[in-house]
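Worksheet for the structure shown next.
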Protein chains: 2
Amino acid sequence: MLLPFTSASNNVEIVLKTGLGNKGKMKPVIKTLWWEKGKLYIIDQSLLPDREKIVELKNVRDVWSAIHNLSIRGAPAIGCVAAYGIALSAVKARVKRPSDFIRIIEKDIEYLATSRPTAYNLFFALERIARVLKISGNASVEQLRELIIKEANAIYGEDLECCYRIGVNGASLIKNGMNVLTHCNAGGLATSGLGTALSVFFVAKDQGKRFHVFADETRPILQGARLTAWELKKTGIPYTLICDSMAGYLMKQGKINLIITGADRIAKNGDTANKIGTYSLAVLANYHKIDFYIAAPFSTFDPKIKTGSEIPVEERDADEVRTVRGVRISPKDAPVYNPAFDVTPARLIRGFITERGIIYKHKKF
Amino acid sequence: MLLPFTSASNNVEIVLKTGLGNKGKMKPVIKTLWWEKGKLYIIDQSLLPDREKIVELKNVRDVWSAIHNLSIRGAPAIGCVAAYGIALSAVKARVKRPSDFIRIIEKDIEYLATSRPTAYNLFFALERIARVLKISGNASVEQLRELIIKEANAIYGEDLECCYRIGVNGASLIKNGMNVLTHCNAGGLATSGLGTALSVFFVAKDQGKRFHVFADETRPILQGARLTAWELKKTGIPYTLICDSMAGYLMKQGKINLIITGADRIAKNGDTANKIGTYSLAVLANYHKIDFYIAAPFSTFDPKIKTGSEIPVEERDADEVRTVRGVRISPKDAPVYNPAFDVTPARLIRGFITERGIIYKHKKF
């Protein structure tokens, strides 16, 4: 098994958990998207937390719009909904000849790939479906249809299992009475329904542990206030919402025992890109001797990137800072710096909670 | 001269600046409030930065409402406007007998004191005016009127001079090409028109120095985005607005050379209460070896308070976090922690920029 860091240094300690116990518990906690009797449903995330609107996506055009308009967001969730979008095409395609069927599906795959131009999981999921068509020999339309639905279910199921394993592994860190801080939304909504950092909380709660979560609101887009707070409320996990600037003062008062965030991309040496503000939390955690963990699947480790300095940081539109949910908060045309994420050096990260176990690269405080 | 810290420890280094040079430069940069030919004007801060509306306060009731509705805020600015409010009463009081005049003024002093129940500068300014009446012997109504206006002018002028001296002393820290970070609004709007931390920038600019300011937006009330950004724009000082969570990442990239914030209250040992988020900045500055200064008048040092642990931290309404300028950003009734400020230990503060000089308590990094 190839693990990150194995070639990087000699002070790597890997704690592998084996066995999942009860596989039956592997169900989504948050109903982000689901496939039921040939129909595809999502919760419209663009309306959260004000309204919980379930939407049926009736065809591939609906799926394209849902991804494009951010009704569904989060890389793994986009991958899943795109795969099911093609499954929808397969169900709807009323043709007899396999070649006609394949032409329709391939056109729809091409079309869906244009919904979010930079979403890695989107392309990956669509390629997996395309591959099914390529290796299916002279299958009938009915057989192709079944194979596509099966592949979409596999993509969804694998994400769910991956998230669940992250949750089980991370839950070992949660002790009764703990206060845990998280940033942004590494939650069920971003995935098939369990999340990464939040999966740890969901599994810990399922294990009967008593703990409290502090959720950073996460300016500028407020994923913490809008989505994480909603997921915690929905699942009955006691939580408190704070502004990003309050986390350090909570740590000073001894009110934070553990920090877990997600990750956008992890370099070979463990340097981690995640939502802007993560780096500050890691420095503050270091100063207060609080363990700071990253929860992320193996697929987030990018072996092509050696250190964090090679990770490009996207700067986003100034109006994200100048406004909040459409309301202006600053002088018009105020000059703005708006990096979408920052890079936390590996030395500030206590460990990486993955689906295969917790990877420790550095000594405990 | 009694200085803070003189009895506290033996490693105190006090750098006193003497002489102001050009006293003629001591004029407000921001027209927060002004008294002109017996009339009182303010800029309505509750409408900033969207609208710059000048309002004439025509009587003591207008002054009460302006303070109460936050059209004018910031402790020194409230003190000044209250003093001029009583000057307005003195101008308007159409009575012949000194005893009748004094009764009217005393009633108005009592009334204005109810506009913001916890504003120390408000009471202090009103007491100074009341004292003028008490020590004025058998002065005529005309003489009393003149004495009150003179005292109001003195309160305003002293604040302006204090701010200017802070600015002159602090400007010695600003070098060409520097990037300076500030938090919240320690600006002209909170005072007679120069501010504390921002006075440093105004004076440095007046001295021809080239530098750049990064302004934290300062959730939850966004004084940085709304007021500091407006003051910097208004005075032509190059600036960039950022979310609070971005400051640490800027420091990591070497983009911050100096940090200056204001203070709400300073304990005898130098521990400093200021707007929530200040403590995190101080820890981040420490980690990145960036000098972190507090700019505040001597009146902010509270000799009755030994250390920061004795400073009570006000927790404010949860809706300040749940909403931004009236727009909800979280689930309704989300549990919230909303401390109005935090306490930064003296060991993280490089120095205190006061009207009498810069006080250094700790060694340079």
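Note on naming: chains are A, B, ... as they come in the structure tokens, residues start from 1 per chain, ligands start from 1 in the order shown.
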
Chain A contacts on chain B, only C-alpha atoms, 6 Å, as a PyMOL selection string: chain B and resi 49+225-226+240-242+245-246+248+277+280+329-331+335-337

Given the selection you just returned, output its residues as a file containing N, CA, C and O atoms, formatted as a short mmCIF file (atom, residue, chain, number, x, y, z; two decimals), in the first residue's frame.
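New file again29.cif:
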data_model
loop_
_atom_site.label_atom_id
_atom_site.label_comp_id
_atom_site.auth_asym_id
_atom_site.auth_seq_id
_atom_site.Cartn_x
_atom_site.Cartn_y
_atom_site.Cartn_z
N PRO B 49 -20.33 53.30 5.00
CA PRO B 49 -19.67 54.14 4.00
C PRO B 49 -20.58 54.46 2.80
O PRO B 49 -20.12 55.08 1.86
N ALA B 225 -14.15 47.35 7.67
CA ALA B 225 -14.67 47.45 6.29
C ALA B 225 -15.46 48.74 6.09
O ALA B 225 -15.39 49.38 5.05
N ARG B 226 -16.24 49.11 7.11
CA ARG B 226 -17.13 50.25 6.96
C ARG B 226 -16.43 51.58 7.23
O ARG B 226 -16.58 52.52 6.46
N THR B 240 -5.66 48.13 1.47
CA THR B 240 -6.32 46.94 0.97
C THR B 240 -7.18 46.38 2.09
O THR B 240 -6.72 46.23 3.22
N LEU B 241 -8.40 46.07 1.76
CA LEU B 241 -9.33 45.49 2.72
C LEU B 241 -9.22 43.96 2.68
O LEU B 241 -9.18 43.37 1.60
N ILE B 242 -9.15 43.35 3.85
CA ILE B 242 -9.09 41.88 3.90
C ILE B 242 -10.08 41.36 4.95
O ILE B 242 -10.51 42.09 5.83
N SER B 245 -9.62 36.56 8.65
CA SER B 245 -8.93 35.27 8.56
C SER B 245 -7.74 35.30 7.60
O SER B 245 -7.01 34.33 7.50
N MET B 246 -7.55 36.39 6.87
CA MET B 246 -6.49 36.45 5.86
C MET B 246 -5.19 37.04 6.39
O MET B 246 -4.14 36.91 5.76
N GLY B 248 -3.15 36.29 8.86
CA GLY B 248 -2.07 35.34 9.12
C GLY B 248 -1.35 34.92 7.85
O GLY B 248 -0.11 34.84 7.81
N GLY B 277 -10.34 39.73 18.12
CA GLY B 277 -9.48 39.46 16.97
C GLY B 277 -8.09 40.04 17.17
O GLY B 277 -7.14 39.59 16.53
N SER B 280 -5.58 37.33 18.47
CA SER B 280 -5.10 36.43 17.41
C SER B 280 -4.00 37.10 16.59
O SER B 280 -2.99 36.48 16.25
N ILE B 329 -27.14 35.10 8.07
CA ILE B 329 -26.13 34.28 7.40
C ILE B 329 -26.05 32.89 7.99
O ILE B 329 -25.24 32.07 7.53
N SER B 330 -26.84 32.57 9.01
CA SER B 330 -26.73 31.27 9.68
C SER B 330 -28.12 30.74 9.95
O SER B 330 -29.11 31.44 9.75
N PRO B 331 -28.22 29.47 10.43
CA PRO B 331 -29.55 29.00 10.83
C PRO B 331 -30.12 29.95 11.88
O PRO B 331 -29.38 30.50 12.69
N PRO B 335 -26.74 28.78 18.04
CA PRO B 335 -26.06 29.18 19.27
C PRO B 335 -24.77 29.94 18.91
O PRO B 335 -24.05 29.53 18.01
N VAL B 336 -24.52 31.03 19.60
CA VAL B 336 -23.43 31.93 19.21
C VAL B 336 -22.61 32.33 20.43
O VAL B 336 -23.15 32.48 21.53
N TYR B 337 -21.31 32.51 20.23
CA TYR B 337 -20.45 33.14 21.24
C TYR B 337 -19.99 34.45 20.64
O TYR B 337 -19.48 34.46 19.52
#

- prompt: Using only C-alpha atoms, which residues sit within 9 Å of Cys162 of chain B once same-chain residues fewer than 6 positions away are excluded, as a list in words?
  reply: Thr196, Pro297, Thr354, Glu355 and Arg356 of chain B

- prompt: Got a sec to tell me which of segment 105-328 of chain B DSSP assigns to strand (DSSP E), as a PyMOL selection string?
  reply: chain B and resi 178-182+211-216+239-242+258-261+265-266+272-275+291-295+323-324+327-328

Would you mind exporting the chosen residues as an mmCIF file, in the first residue's frame, restricted to N, CA and C atoms?
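Contents of the output file result.cif:
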data_model
loop_
_atom_site.group_PDB
_atom_site.id
_atom_site.type_symbol
_atom_site.label_atom_id
_atom_site.label_comp_id
_atom_site.auth_asym_id
_atom_site.auth_seq_id
_atom_site.Cartn_x
_atom_site.Cartn_y
_atom_site.Cartn_z
ATOM 1 N N MET B 178 6.735 50.406 3.792
ATOM 2 C CA MET B 178 6.166 49.465 4.766
ATOM 3 C C MET B 178 4.727 49.082 4.448
ATOM 4 N N ASN B 179 4.355 47.864 4.855
ATOM 5 C CA ASN B 179 2.967 47.436 4.877
ATOM 6 C C ASN B 179 2.539 47.304 6.326
ATOM 7 N N VAL B 180 1.525 48.066 6.703
ATOM 8 C CA VAL B 180 1.096 48.102 8.097
ATOM 9 C C VAL B 180 -0.325 47.558 8.189
ATOM 10 N N LEU B 181 -0.550 46.702 9.174
ATOM 11 C CA LEU B 181 -1.884 46.117 9.366
ATOM 12 C C LEU B 181 -2.581 46.790 10.542
ATOM 13 N N THR B 182 -3.881 47.064 10.403
ATOM 14 C CA THR B 182 -4.652 47.537 11.552
ATOM 15 C C THR B 182 -5.972 46.781 11.635
ATOM 16 N N PHE B 211 3.648 54.338 2.288
ATOM 17 C CA PHE B 211 3.389 53.062 2.962
ATOM 18 C C PHE B 211 2.004 52.598 2.565
ATOM 19 N N HIS B 212 1.697 51.364 2.918
ATOM 20 C CA HIS B 212 0.434 50.750 2.523
ATOM 21 C C HIS B 212 -0.221 50.172 3.770
ATOM 22 N N VAL B 213 -1.534 50.312 3.869
ATOM 23 C CA VAL B 213 -2.247 49.797 5.038
ATOM 24 C C VAL B 213 -3.132 48.613 4.632
ATOM 25 N N PHE B 214 -3.061 47.523 5.388
ATOM 26 C CA PHE B 214 -4.043 46.447 5.272
ATOM 27 C C PHE B 214 -5.054 46.627 6.402
ATOM 28 N N ALA B 215 -6.335 46.671 6.049
ATOM 29 C CA ALA B 215 -7.386 46.878 7.045
ATOM 30 C C ALA B 215 -8.204 45.605 7.202
ATOM 31 N N ASP B 216 -8.206 45.036 8.418
ATOM 32 C CA ASP B 216 -9.082 43.890 8.722
ATOM 33 C C ASP B 216 -10.534 44.356 8.687
ATOM 34 N N TYR B 239 -4.574 51.479 0.552
ATOM 35 C CA TYR B 239 -4.973 50.434 1.491
ATOM 36 C C TYR B 239 -5.572 49.256 0.750
ATOM 37 N N THR B 240 -5.659 48.135 1.472
ATOM 38 C CA THR B 240 -6.320 46.936 0.968
ATOM 39 C C THR B 240 -7.179 46.377 2.087
ATOM 40 N N LEU B 241 -8.403 46.071 1.756
ATOM 41 C CA LEU B 241 -9.335 45.486 2.724
ATOM 42 C C LEU B 241 -9.218 43.962 2.675
ATOM 43 N N ILE B 242 -9.146 43.348 3.855
ATOM 44 C CA ILE B 242 -9.086 41.878 3.900
ATOM 45 C C ILE B 242 -10.080 41.359 4.947
ATOM 46 N N LEU B 258 4.453 45.632 10.084
ATOM 47 C CA LEU B 258 4.157 46.306 11.351
ATOM 48 C C LEU B 258 2.651 46.207 11.586
ATOM 49 N N ILE B 259 2.260 46.078 12.856
ATOM 50 C CA ILE B 259 0.833 46.045 13.199
ATOM 51 C C ILE B 259 0.568 47.111 14.262
ATOM 52 N N ILE B 260 -0.444 47.928 14.051
ATOM 53 C CA ILE B 260 -0.842 48.926 15.051
ATOM 54 C C ILE B 260 -2.356 48.857 15.227
ATOM 55 N N THR B 261 -2.799 48.657 16.458
ATOM 56 C CA THR B 261 -4.236 48.714 16.742
ATOM 57 C C THR B 261 -4.472 49.705 17.883
ATOM 58 N N ARG B 265 -8.883 49.301 26.880
ATOM 59 C CA ARG B 265 -8.500 49.419 28.280
ATOM 60 C C ARG B 265 -7.167 48.697 28.452
ATOM 61 N N ILE B 266 -6.247 49.314 29.186
ATOM 62 C CA ILE B 266 -4.929 48.711 29.387
ATOM 63 C C ILE B 266 -4.696 48.547 30.885
ATOM 64 N N THR B 272 -3.764 44.189 27.400
ATOM 65 C CA THR B 272 -4.597 45.164 26.691
ATOM 66 C C THR B 272 -5.885 44.555 26.155
ATOM 67 N N ALA B 273 -7.009 45.159 26.539
ATOM 68 C CA ALA B 273 -8.294 44.761 25.965
ATOM 69 C C ALA B 273 -8.544 45.604 24.723
ATOM 70 N N ASN B 274 -8.877 44.933 23.630
ATOM 71 C CA ASN B 274 -9.237 45.643 22.405
ATOM 72 C C ASN B 274 -10.210 44.765 21.624
ATOM 73 N N LYS B 275 -10.717 45.279 20.529
ATOM 74 C CA LYS B 275 -11.707 44.583 19.694
ATOM 75 C C LYS B 275 -11.340 43.114 19.489
ATOM 76 N N ASP B 291 6.530 43.305 14.615
ATOM 77 C CA ASP B 291 6.265 44.175 15.765
ATOM 78 C C ASP B 291 4.788 44.528 15.851
ATOM 79 N N PHE B 292 4.232 44.320 17.028
ATOM 80 C CA PHE B 292 2.817 44.586 17.274
ATOM 81 C C PHE B 292 2.704 45.719 18.304
ATOM 82 N N TYR B 293 2.149 46.862 17.895
ATOM 83 C CA TYR B 293 2.030 48.031 18.766
ATOM 84 C C TYR B 293 0.570 48.360 19.086
ATOM 85 N N ILE B 294 0.369 48.928 20.263
ATOM 86 C CA ILE B 294 -0.924 49.480 20.664
ATOM 87 C C ILE B 294 -0.787 51.005 20.648
ATOM 88 N N ALA B 295 -1.731 51.707 20.004
ATOM 89 C CA ALA B 295 -1.757 53.170 20.038
ATOM 90 C C ALA B 295 -2.926 53.607 20.909
ATOM 91 N N THR B 323 -26.142 37.723 11.780
ATOM 92 C CA THR B 323 -26.527 38.583 10.663
ATOM 93 C C THR B 323 -25.374 39.508 10.280
ATOM 94 N N VAL B 324 -25.430 40.022 9.064
ATOM 95 C CA VAL B 324 -24.499 41.053 8.604
ATOM 96 C C VAL B 324 -25.335 42.174 8.010
ATOM 97 N N VAL B 327 -28.820 41.146 7.244
ATOM 98 C CA VAL B 327 -29.060 39.939 6.451
ATOM 99 C C VAL B 327 -28.615 38.714 7.238
ATOM 100 N N ARG B 328 -29.470 37.725 7.363
ATOM 101 C CA ARG B 328 -29.123 36.531 8.132
ATOM 102 C C ARG B 328 -28.163 35.646 7.357
#

message: Could you list, as a ChimeraX atom specification, every residue within 10 Å of segment 114-120 of chain A, counting only C-alpha atoms and ignoring same-chain residues fewer than 3 positions away?
response: /A:61,63-70,73-76,78-79,82,109-111,123-125

message: I'd like to know which of B:Ala77, B:Ile174, B:Leu47, B:Ile102 is closest to Asn138 of chain B, using only C-alpha atoms.
response: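 Between B:Ala77, B:Ile174, B:Leu47, B:Ile102, the residue approaching Asn138 of chain B most closely is B:Ile102.
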
task: Looking only at helix (DSSP H, G or I) from DSSP on the backbone, list the matching residues of segment 89-235 of chain B as a PyMOL selection string.
output: chain B and resi 89-92+98-112+120-134+141-171+188-190+197-206+223-234

query: Given the choices B:Ala152, B:Lys255, B:Glu310, B:Lys27, which gets closest to Phe202 of chain B if the distance is worked out from only C-alpha atoms?
result: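 When distances to Phe202 of chain B are compared using only C-alpha atoms, the smallest one comes from B:Lys27.
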
task: Could you please determine the separation between atom CA of Ser140 of chain B and atom CA of Lys96 of chain B in Å, to one decimal place?
output: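 Atom-to-atom, atom CA of Ser140 of chain B to atom CA of Lys96 of chain B, that is 8.6 Å.
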
Write out as an mmCIF file with C-alpha atoms, in the first residue's frame which residues come within 12 Å of Ser89 of chain B when counting only C-alpha atoms, dropping same-chain ones fewer than 6 positions away.
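To be explicit, this is the file written out as out_1.cif:
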data_model
loop_
_atom_site.group_PDB
_atom_site.id
_atom_site.type_symbol
_atom_site.label_atom_id
_atom_site.label_comp_id
_atom_site.auth_asym_id
_atom_site.auth_seq_id
_atom_site.Cartn_x
_atom_site.Cartn_y
_atom_site.Cartn_z
ATOM 1 C CA GLY B 38 -22.746 78.410 17.806
ATOM 2 C CA LYS B 39 -23.900 75.493 15.662
ATOM 3 C CA LEU B 40 -23.006 71.790 16.051
ATOM 4 C CA LEU B 57 -27.698 68.828 15.834
ATOM 5 C CA LYS B 58 -30.032 71.663 16.758
ATOM 6 C CA ASN B 59 -30.623 70.968 20.441
ATOM 7 C CA VAL B 60 -29.749 68.656 23.279
ATOM 8 C CA ARG B 61 -32.426 66.170 22.197
ATOM 9 C CA ASP B 62 -30.788 65.846 18.774
ATOM 10 C CA VAL B 63 -27.459 65.203 20.509
ATOM 11 C CA ALA B 82 -21.820 65.707 24.597
ATOM 12 C CA ALA B 83 -19.759 68.708 25.742
ATOM 13 C CA VAL B 95 -33.161 83.160 30.818
ATOM 14 C CA PHE B 101 -29.588 79.118 33.649
ATOM 15 C CA ILE B 102 -27.700 76.681 35.880
ATOM 16 C CA ARG B 103 -30.892 74.703 36.519
ATOM 17 C CA ILE B 104 -31.469 74.287 32.747
ATOM 18 C CA ILE B 105 -27.864 73.253 32.107
ATOM 19 C CA GLU B 106 -27.818 70.766 34.994
ATOM 20 C CA LYS B 107 -31.047 69.189 33.757
ATOM 21 C CA ASP B 108 -29.564 68.813 30.254
ATOM 22 C CA ILE B 109 -26.348 67.315 31.648
ATOM 23 C CA TYR B 111 -30.417 64.040 30.362
ATOM 24 C CA LEU B 112 -27.389 63.577 28.064
ATOM 25 C CA ILE B 129 -18.882 71.056 32.266
ATOM 26 C CA LEU B 144 -21.412 81.156 32.256
ATOM 27 C CA ARG B 145 -22.326 80.655 28.601
ATOM 28 C CA GLU B 146 -18.816 81.659 27.533
ATOM 29 C CA ILE B 148 -19.216 76.378 29.007
ATOM 30 C CA ILE B 149 -18.327 76.922 25.354
ATOM 31 C CA ALA B 152 -16.318 72.233 25.405
#

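For the pair atom CA of Ile290 of chain A and atom CA of Lys306 of chain A, the interatomic distance is 26.6 Å.
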
field: 6 Å contact set for Gly167 of chain B, only C-alpha atoms, chain neighbours under 5 positions out, as a list in words
entry: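 Skipping anything fewer than 5 positions along the chain leaves Ser199, Val200 and Val203 of chain B.
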